[in-house]
Structures are given as C-alpha cells and as structure tokens.
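Undergrad: The structure file run-v5.cif (mmCIF, N, CA and C atoms) is provided below.
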data_target
loop_
_atom_site.group_PDB
_atom_site.id
_atom_site.type_symbol
_atom_site.label_atom_id
_atom_site.label_comp_id
_atom_site.auth_asym_id
_atom_site.auth_seq_id
_atom_site.Cartn_x
_atom_site.Cartn_y
_atom_site.Cartn_z
ATOM 1 N N MET E 1 38.769 212.869 327.941
ATOM 2 C CA MET E 1 40.137 212.456 327.759
ATOM 3 C C MET E 1 40.438 212.149 326.292
ATOM 4 N N SER E 2 39.464 211.600 325.569
ATOM 5 C CA SER E 2 39.712 211.276 324.163
ATOM 6 C C SER E 2 39.847 212.539 323.309
ATOM 7 N N ILE E 3 39.243 213.635 323.729
ATOM 8 C CA ILE E 3 39.401 214.896 323.001
ATOM 9 C C ILE E 3 40.847 215.372 323.122
ATOM 10 N N VAL E 4 41.423 215.232 324.312
ATOM 11 C CA VAL E 4 42.817 215.629 324.522
ATOM 12 C C VAL E 4 43.752 214.754 323.686
ATOM 13 N N ALA E 5 43.476 213.453 323.640
ATOM 14 C CA ALA E 5 44.318 212.543 322.845
ATOM 15 C C ALA E 5 44.242 212.888 321.361
ATOM 16 N N GLY E 6 43.053 213.147 320.859
ATOM 17 C CA GLY E 6 42.902 213.520 319.454
ATOM 18 C C GLY E 6 43.565 214.845 319.136
ATOM 19 N N ALA E 7 43.441 215.806 320.049
ATOM 20 C CA ALA E 7 44.082 217.103 319.848
ATOM 21 C C ALA E 7 45.599 216.951 319.847
ATOM 22 N N PHE E 8 46.136 216.097 320.735
ATOM 23 C CA PHE E 8 47.575 215.851 320.759
ATOM 24 C C PHE E 8 48.036 215.236 319.444
ATOM 25 N N LEU E 9 47.308 214.245 318.941
ATOM 26 C CA LEU E 9 47.660 213.634 317.659
ATOM 27 C C LEU E 9 47.657 214.666 316.532
ATOM 28 N N ALA E 10 46.653 215.505 316.517
ATOM 29 C CA ALA E 10 46.543 216.514 315.462
ATOM 30 C C ALA E 10 47.678 217.536 315.546
ATOM 31 N N LEU E 11 47.950 218.028 316.740
ATOM 32 C CA LEU E 11 49.011 219.028 316.898
ATOM 33 C C LEU E 11 50.390 218.431 316.623
ATOM 34 N N PHE E 12 50.648 217.231 317.137
ATOM 35 C CA PHE E 12 51.934 216.577 316.912
ATOM 36 C C PHE E 12 52.143 216.287 315.437
ATOM 37 N N GLY E 13 51.128 215.756 314.780
ATOM 38 C CA GLY E 13 51.231 215.461 313.354
ATOM 39 C C GLY E 13 51.452 216.706 312.517
ATOM 40 N N ALA E 14 50.755 217.784 312.855
ATOM 41 C CA ALA E 14 50.919 219.031 312.105
ATOM 42 C C ALA E 14 52.314 219.618 312.313
ATOM 43 N N LEU E 15 52.808 219.580 313.540
ATOM 44 C CA LEU E 15 54.130 220.129 313.826
ATOM 45 C C LEU E 15 55.224 219.355 313.106
ATOM 46 N N ILE E 16 55.192 218.041 313.187
ATOM 47 C CA ILE E 16 56.226 217.233 312.542
ATOM 48 C C ILE E 16 56.115 217.333 311.031
ATOM 49 N N SER E 17 54.912 217.375 310.497
ATOM 50 C CA SER E 17 54.739 217.533 309.050
ATOM 51 C C SER E 17 55.322 218.860 308.582
ATOM 52 N N TRP E 18 55.090 219.931 309.337
ATOM 53 C CA TRP E 18 55.648 221.237 308.990
ATOM 54 C C TRP E 18 57.171 221.227 309.082
ATOM 55 N N LEU E 19 57.718 220.611 310.129
ATOM 56 C CA LEU E 19 59.169 220.532 310.274
ATOM 57 C C LEU E 19 59.806 219.720 309.147
ATOM 58 N N LEU E 20 59.168 218.633 308.759
ATOM 59 C CA LEU E 20 59.685 217.838 307.642
ATOM 60 C C LEU E 20 59.647 218.625 306.341
ATOM 61 N N ALA E 21 58.581 219.392 306.131
ATOM 62 C CA ALA E 21 58.483 220.187 304.907
ATOM 63 C C ALA E 21 59.555 221.264 304.874
ATOM 64 N N ALA E 22 59.865 221.845 306.030
ATOM 65 C CA ALA E 22 60.861 222.916 306.079
ATOM 66 C C ALA E 22 62.286 222.382 306.004
ATOM 67 N N ARG E 23 62.536 221.266 306.672
ATOM 68 C CA ARG E 23 63.909 220.763 306.786
ATOM 69 C C ARG E 23 64.258 219.715 305.722
ATOM 70 N N TYR E 24 63.351 218.802 305.440
ATOM 71 C CA TYR E 24 63.591 217.713 304.494
ATOM 72 C C TYR E 24 62.477 217.667 303.448
ATOM 73 N N PRO E 25 62.544 218.508 302.431
ATOM 74 C CA PRO E 25 61.456 218.533 301.448
ATOM 75 C C PRO E 25 61.340 217.252 300.622
ATOM 76 N N ALA E 26 62.376 216.425 300.587
ATOM 77 C CA ALA E 26 62.313 215.182 299.815
ATOM 78 C C ALA E 26 61.583 214.068 300.567
ATOM 79 N N ALA E 27 61.281 214.255 301.834
ATOM 80 C CA ALA E 27 60.620 213.223 302.645
ATOM 81 C C ALA E 27 59.107 213.276 302.430
ATOM 82 N N ARG E 28 58.695 212.966 301.225
ATOM 83 C CA ARG E 28 57.274 213.089 300.880
ATOM 84 C C ARG E 28 56.407 212.061 301.599
ATOM 85 N N PHE E 29 56.857 210.813 301.662
ATOM 86 C CA PHE E 29 56.038 209.773 302.275
ATOM 87 C C PHE E 29 55.876 210.003 303.778
ATOM 88 N N MET E 30 56.954 210.389 304.445
ATOM 89 C CA MET E 30 56.849 210.646 305.887
ATOM 90 C C MET E 30 55.969 211.858 306.155
ATOM 91 N N ARG E 31 56.079 212.881 305.319
ATOM 92 C CA ARG E 31 55.236 214.071 305.480
ATOM 93 C C ARG E 31 53.765 213.721 305.254
ATOM 94 N N LEU E 32 53.507 212.880 304.263
ATOM 95 C CA LEU E 32 52.136 212.428 304.021
ATOM 96 C C LEU E 32 51.621 211.607 305.203
ATOM 97 N N GLY E 33 52.489 210.781 305.770
ATOM 98 C CA GLY E 33 52.095 209.990 306.935
ATOM 99 C C GLY E 33 51.712 210.860 308.120
ATOM 100 N N TYR E 34 52.515 211.886 308.399
ATOM 101 C CA TYR E 34 52.179 212.782 309.500
ATOM 102 C C TYR E 34 50.975 213.651 309.168
ATOM 103 N N GLY E 35 50.781 213.978 307.901
ATOM 104 C CA GLY E 35 49.577 214.704 307.512
ATOM 105 C C GLY E 35 48.324 213.870 307.747
ATOM 106 N N LEU E 36 48.412 212.582 307.438
ATOM 107 C CA LEU E 36 47.279 211.693 307.711
ATOM 108 C C LEU E 36 47.070 211.512 309.212
ATOM 109 N N MET E 37 48.157 211.556 309.987
ATOM 110 C CA MET E 37 48.017 211.506 311.443
ATOM 111 C C MET E 37 47.267 212.735 311.944
ATOM 112 N N THR E 38 47.558 213.889 311.354
ATOM 113 C CA THR E 38 46.850 215.115 311.712
ATOM 114 C C THR E 38 45.362 214.989 311.395
ATOM 115 N N LEU E 39 45.061 214.502 310.198
ATOM 116 C CA LEU E 39 43.666 214.301 309.812
ATOM 117 C C LEU E 39 42.977 213.302 310.740
ATOM 118 N N GLY E 40 43.664 212.220 311.064
ATOM 119 C CA GLY E 40 43.095 211.232 311.974
ATOM 120 C C GLY E 40 42.829 211.813 313.355
ATOM 121 N N GLY E 41 43.736 212.653 313.852
ATOM 122 C CA GLY E 41 43.517 213.294 315.145
ATOM 123 C C GLY E 41 42.319 214.226 315.131
ATOM 124 N N LEU E 42 42.184 214.998 314.046
ATOM 125 C CA LEU E 42 41.030 215.894 313.944
ATOM 126 C C LEU E 42 39.725 215.106 313.860
ATOM 127 N N LEU E 43 39.739 214.024 313.093
ATOM 128 C CA LEU E 43 38.540 213.181 313.018
ATOM 129 C C LEU E 43 38.249 212.511 314.357
ATOM 130 N N PHE E 44 39.295 212.171 315.089
ATOM 131 C CA PHE E 44 39.110 211.559 316.404
ATOM 132 C C PHE E 44 38.460 212.533 317.372
ATOM 133 N N VAL E 45 38.862 213.812 317.320
ATOM 134 C CA VAL E 45 38.226 214.828 318.164
ATOM 135 C C VAL E 45 36.758 214.974 317.773
ATOM 136 N N LEU E 46 36.491 215.006 316.465
ATOM 137 C CA LEU E 46 35.107 215.117 315.996
ATOM 138 C C LEU E 46 34.295 213.905 316.431
ATOM 139 N N TRP E 47 34.887 212.717 316.362
ATOM 140 C CA TRP E 47 34.197 211.509 316.787
ATOM 141 C C TRP E 47 33.909 211.543 318.290
ATOM 142 N N SER E 48 34.842 212.086 319.067
ATOM 143 C CA SER E 48 34.641 212.165 320.519
ATOM 144 C C SER E 48 33.435 213.018 320.874
ATOM 145 N N VAL E 49 33.163 214.026 320.063
ATOM 146 C CA VAL E 49 32.026 214.910 320.325
ATOM 147 C C VAL E 49 30.733 214.319 319.763
ATOM 148 N N GLU E 50 30.791 213.802 318.538
ATOM 149 C CA GLU E 50 29.575 213.367 317.842
ATOM 150 C C GLU E 50 29.182 211.919 318.108
ATOM 151 N N ARG E 51 30.150 211.044 318.325
ATOM 152 C CA ARG E 51 29.917 209.602 318.527
ATOM 153 C C ARG E 51 29.226 208.940 317.338
ATOM 154 N N VAL E 52 29.632 209.326 316.128
ATOM 155 C CA VAL E 52 29.132 208.696 314.911
ATOM 156 C C VAL E 52 30.158 207.652 314.488
ATOM 157 N N THR E 53 29.721 206.426 314.300
ATOM 158 C CA THR E 53 30.640 205.326 314.028
ATOM 159 C C THR E 53 31.445 205.554 312.752
ATOM 160 N N ALA E 54 30.843 206.120 311.736
ATOM 161 C CA ALA E 54 31.543 206.335 310.470
ATOM 162 C C ALA E 54 32.732 207.293 310.652
ATOM 163 N N ILE E 55 32.586 208.293 311.505
ATOM 164 C CA ILE E 55 33.685 209.221 311.750
ATOM 165 C C ILE E 55 34.811 208.517 312.491
ATOM 166 N N GLY E 56 34.469 207.679 313.445
ATOM 167 C CA GLY E 56 35.482 206.909 314.165
ATOM 168 C C GLY E 56 36.231 205.957 313.251
ATOM 169 N N MET E 57 35.517 205.330 312.343
ATOM 170 C CA MET E 57 36.168 204.419 311.389
ATOM 171 C C MET E 57 37.075 205.186 310.427
ATOM 172 N N ALA E 58 36.640 206.375 310.009
ATOM 173 C CA ALA E 58 37.477 207.204 309.134
ATOM 174 C C ALA E 58 38.736 207.664 309.870
ATOM 175 N N ALA E 59 38.602 207.991 311.163
ATOM 176 C CA ALA E 59 39.769 208.388 311.962
ATOM 177 C C ALA E 59 40.743 207.228 312.082
ATOM 178 N N LEU E 60 40.235 206.050 312.337
ATOM 179 C CA LEU E 60 41.090 204.865 312.439
ATOM 180 C C LEU E 60 41.785 204.577 311.117
ATOM 181 N N ALA E 61 41.053 204.682 310.018
ATOM 182 C CA ALA E 61 41.650 204.438 308.701
ATOM 183 C C ALA E 61 42.739 205.467 308.387
ATOM 184 N N ALA E 62 42.493 206.732 308.727
ATOM 185 C CA ALA E 62 43.499 207.777 308.478
ATOM 186 C C ALA E 62 44.748 207.526 309.308
ATOM 187 N N LEU E 63 44.588 207.131 310.561
ATOM 188 C CA LEU E 63 45.746 206.844 311.403
ATOM 189 C C LEU E 63 46.520 205.632 310.905
ATOM 190 N N LEU E 64 45.800 204.595 310.477
ATOM 191 C CA LEU E 64 46.479 203.406 309.947
ATOM 192 C C LEU E 64 47.227 203.717 308.652
ATOM 193 N N LEU E 65 46.605 204.458 307.756
ATOM 194 C CA LEU E 65 47.284 204.844 306.519
ATOM 195 C C LEU E 65 48.487 205.748 306.803
ATOM 196 N N GLY E 66 48.339 206.633 307.782
ATOM 197 C CA GLY E 66 49.456 207.476 308.174
ATOM 198 C C GLY E 66 50.627 206.657 308.679
ATOM 199 N N GLY E 67 50.341 205.647 309.462
ATOM 200 C CA GLY E 67 51.402 204.761 309.943
ATOM 201 C C GLY E 67 52.071 204.000 308.818
ATOM 202 N N ILE E 68 51.282 203.530 307.870
ATOM 203 C CA ILE E 68 51.853 202.791 306.733
ATOM 204 C C ILE E 68 52.732 203.696 305.891
ATOM 205 N N PHE E 69 52.263 204.899 305.595
ATOM 206 C CA PHE E 69 53.080 205.828 304.809
ATOM 207 C C PHE E 69 54.335 206.249 305.574
ATOM 208 N N GLY E 70 54.236 206.389 306.887
ATOM 209 C CA GLY E 70 55.408 206.716 307.685
ATOM 210 C C GLY E 70 56.452 205.606 307.652
ATOM 211 N N ILE E 71 56.000 204.367 307.731
ATOM 212 C CA ILE E 71 56.918 203.231 307.662
ATOM 213 C C ILE E 71 57.574 203.159 306.292
ATOM 214 N N VAL E 72 56.795 203.345 305.239
ATOM 215 C CA VAL E 72 57.346 203.321 303.879
ATOM 216 C C VAL E 72 58.382 204.428 303.712
ATOM 217 N N GLY E 73 58.092 205.617 304.228
ATOM 218 C CA GLY E 73 59.035 206.723 304.131
ATOM 219 C C GLY E 73 60.323 206.445 304.889
ATOM 220 N N ALA E 74 60.218 205.845 306.077
ATOM 221 C CA ALA E 74 61.410 205.533 306.860
ATOM 222 C C ALA E 74 62.252 204.468 306.179
ATOM 223 N N VAL E 75 61.609 203.453 305.607
ATOM 224 C CA VAL E 75 62.352 202.400 304.909
ATOM 225 C C VAL E 75 63.026 202.954 303.664
ATOM 226 N N ARG E 76 62.339 203.826 302.943
ATOM 227 C CA ARG E 76 62.953 204.443 301.760
ATOM 228 C C ARG E 76 64.182 205.250 302.144
ATOM 229 N N LYS E 77 64.106 205.960 303.259
ATOM 230 C CA LYS E 77 65.254 206.753 303.718
ATOM 231 C C LYS E 77 66.423 205.835 304.060
ATOM 232 N N GLU E 78 66.146 204.752 304.769
ATOM 233 C CA GLU E 78 67.214 203.818 305.136
ATOM 234 C C GLU E 78 67.837 203.186 303.895
ATOM 235 N N LEU E 79 67.016 202.866 302.904
ATOM 236 C CA LEU E 79 67.567 202.260 301.681
ATOM 237 C C LEU E 79 68.388 203.252 300.884
ATOM 238 N N ARG E 80 68.038 204.536 300.960
ATOM 239 C CA ARG E 80 68.869 205.548 300.275
ATOM 240 C C ARG E 80 70.193 205.735 300.973
ATOM 241 N N MET E 81 70.187 205.690 302.309
ATOM 242 C CA MET E 81 71.411 205.902 303.072
ATOM 243 C C MET E 81 72.336 204.686 303.015
ATOM 244 N N PHE E 82 71.762 203.493 303.102
ATOM 245 C CA PHE E 82 72.540 202.270 303.125
ATOM 246 C C PHE E 82 72.008 201.323 302.051
ATOM 247 N N PRO E 83 72.427 201.468 300.799
ATOM 248 C CA PRO E 83 71.907 200.601 299.741
ATOM 249 C C PRO E 83 72.331 199.143 299.968
ATOM 250 N N PRO E 84 71.500 198.211 299.549
ATOM 251 C CA PRO E 84 71.852 196.788 299.718
ATOM 252 C C PRO E 84 73.080 196.441 298.887
ATOM 253 N N VAL E 85 73.849 195.536 299.401
ATOM 254 C CA VAL E 85 75.076 195.142 298.721
ATOM 255 C C VAL E 85 74.842 194.005 297.780
#
Give the structure from the file, written as structure tokens.
TA:
Amino acid sequence: MSIVAGAFLALFGALISWLLAARYPAARFMRLGYGLMTLGGLLFVLWSVERVTAIGMAALAALLLGGIFGIVGAVRKELRMFPPV
C-alpha cells in the first residue's frame, strides 16, 4: 500500500508541477514545492522497497520542504493579488 501512496505523490506532484510550468511560469516557489513532492514520492517508493531509514528520512524531508515552499508560493501569490493596505 505504501508503494501506491508514494507513486500517487510522485505522479500528482509531477503533473501539477508541469501544469504550473505551462500555465503560470512565474509560480516558481509552488513549482519547486510540487517538484520536491515528486522527489519525496519517488524516495518514498524506494524506501518502501528497501526499508533503509536514511531513504525514509530523506523522503520525509523532501515532502516537508515541498510543503514549506508550496505555502510560501501561495502566500506570495495572495500578497501580489491583494497587497496590504
């Protein structure tokens, strides 16, 4: 089951990253976040097969960094659309 979850993360991250690159080229932080989600999903699949703790920790770190970059990208977009008064 964890292989399916990792594959879903990798495919979803790659698809959204590609769509962002094609549609919104200025969304660099969000694209980087989804790219890190893709990397984390691939590492998660590798960890599911190998069961090496270092690979699992790298997958977790990639997913966490992807989430942070995604949040930063979303906040930057909101601040561009609605600047503070």
Undergrad: May I have the protein, DNA and RNA residues with an atom at most 8 Å from (55.3, 211.4, 303.2), counting all atoms listed in the file in the file's coordinates, returned as number ranges by chain?
TA: E: 26-35, 69-70, 72-74
Undergrad: Go ahead and dump the residues you just picked, N, CA and C atoms, as an mmCIF file, in the coordinates of the input.
TA:
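File out-v7.cif, as written:
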data_model
loop_
_atom_site.group_PDB
_atom_site.id
_atom_site.type_symbol
_atom_site.label_atom_id
_atom_site.label_comp_id
_atom_site.auth_asym_id
_atom_site.auth_seq_id
_atom_site.Cartn_x
_atom_site.Cartn_y
_atom_site.Cartn_z
ATOM 1 N N ALA E 26 62.376 216.425 300.587
ATOM 2 C CA ALA E 26 62.313 215.182 299.815
ATOM 3 C C ALA E 26 61.583 214.068 300.567
ATOM 4 N N ALA E 27 61.281 214.255 301.834
ATOM 5 C CA ALA E 27 60.620 213.223 302.645
ATOM 6 C C ALA E 27 59.107 213.276 302.430
ATOM 7 N N ARG E 28 58.695 212.966 301.225
ATOM 8 C CA ARG E 28 57.274 213.089 300.880
ATOM 9 C C ARG E 28 56.407 212.061 301.599
ATOM 10 N N PHE E 29 56.857 210.813 301.662
ATOM 11 C CA PHE E 29 56.038 209.773 302.275
ATOM 12 C C PHE E 29 55.876 210.003 303.778
ATOM 13 N N MET E 30 56.954 210.389 304.445
ATOM 14 C CA MET E 30 56.849 210.646 305.887
ATOM 15 C C MET E 30 55.969 211.858 306.155
ATOM 16 N N ARG E 31 56.079 212.881 305.319
ATOM 17 C CA ARG E 31 55.236 214.071 305.480
ATOM 18 C C ARG E 31 53.765 213.721 305.254
ATOM 19 N N LEU E 32 53.507 212.880 304.263
ATOM 20 C CA LEU E 32 52.136 212.428 304.021
ATOM 21 C C LEU E 32 51.621 211.607 305.203
ATOM 22 N N GLY E 33 52.489 210.781 305.770
ATOM 23 C CA GLY E 33 52.095 209.990 306.935
ATOM 24 C C GLY E 33 51.712 210.860 308.120
ATOM 25 N N TYR E 34 52.515 211.886 308.399
ATOM 26 C CA TYR E 34 52.179 212.782 309.500
ATOM 27 C C TYR E 34 50.975 213.651 309.168
ATOM 28 N N GLY E 35 50.781 213.978 307.901
ATOM 29 C CA GLY E 35 49.577 214.704 307.512
ATOM 30 C C GLY E 35 48.324 213.870 307.747
ATOM 31 N N PHE E 69 52.263 204.899 305.595
ATOM 32 C CA PHE E 69 53.080 205.828 304.809
ATOM 33 C C PHE E 69 54.335 206.249 305.574
ATOM 34 N N GLY E 70 54.236 206.389 306.887
ATOM 35 C CA GLY E 70 55.408 206.716 307.685
ATOM 36 C C GLY E 70 56.452 205.606 307.652
ATOM 37 N N VAL E 72 56.795 203.345 305.239
ATOM 38 C CA VAL E 72 57.346 203.321 303.879
ATOM 39 C C VAL E 72 58.382 204.428 303.712
ATOM 40 N N GLY E 73 58.092 205.617 304.228
ATOM 41 C CA GLY E 73 59.035 206.723 304.131
ATOM 42 C C GLY E 73 60.323 206.445 304.889
ATOM 43 N N ALA E 74 60.218 205.845 306.077
ATOM 44 C CA ALA E 74 61.410 205.533 306.860
ATOM 45 C C ALA E 74 62.252 204.468 306.179
#
Undergrad: Run the PyMOL selection byres (((chain E and resi 58 and name CA) around 12) and name CA) on the file and write out the hits as a PyMOL selection string.
TA: chain E and resi 36-37+39-47+52-57+59-65
Undergrad: Between atom N of E:Leu9 and atom CA of E:Ala22, what is the distance in Å, rounded to a tenth?
TA: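 Separation of atom N of E:Leu9 and atom CA of E:Ala22: 20.6 Å.
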Undergrad: So what do you get for atom CA of E:Glu50 versus atom C of E:Ser2, distance-wise?
TA: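 Computing the Euclidean distance for atom CA of E:Glu50 and atom C of E:Ser2 yields 11.7 Å.
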Undergrad: Between E:Gly67, E:Val85, E:Glu78, E:Thr38, which one has atoms that come closest to E:Gly6, using only N, CA and C atoms?
TA: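 With only N, CA and C atoms as the atom set, the closest residue is E:Thr38.
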Undergrad: For the atom pair atom CA of E:Trp18 and atom CA of E:Arg80, what is the interatomic distance in Å to one decimal place?
TA: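 Interatomic distance here is 22.3 Å.
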Undergrad: I'd like the contact shell of E:Ile3 - 6 Å cut-off, all atoms listed in the file, skipping same-chain residues fewer than 4 positions apart - returned as a ChimeraX atom specification.
TA: /E:7-8,45,48
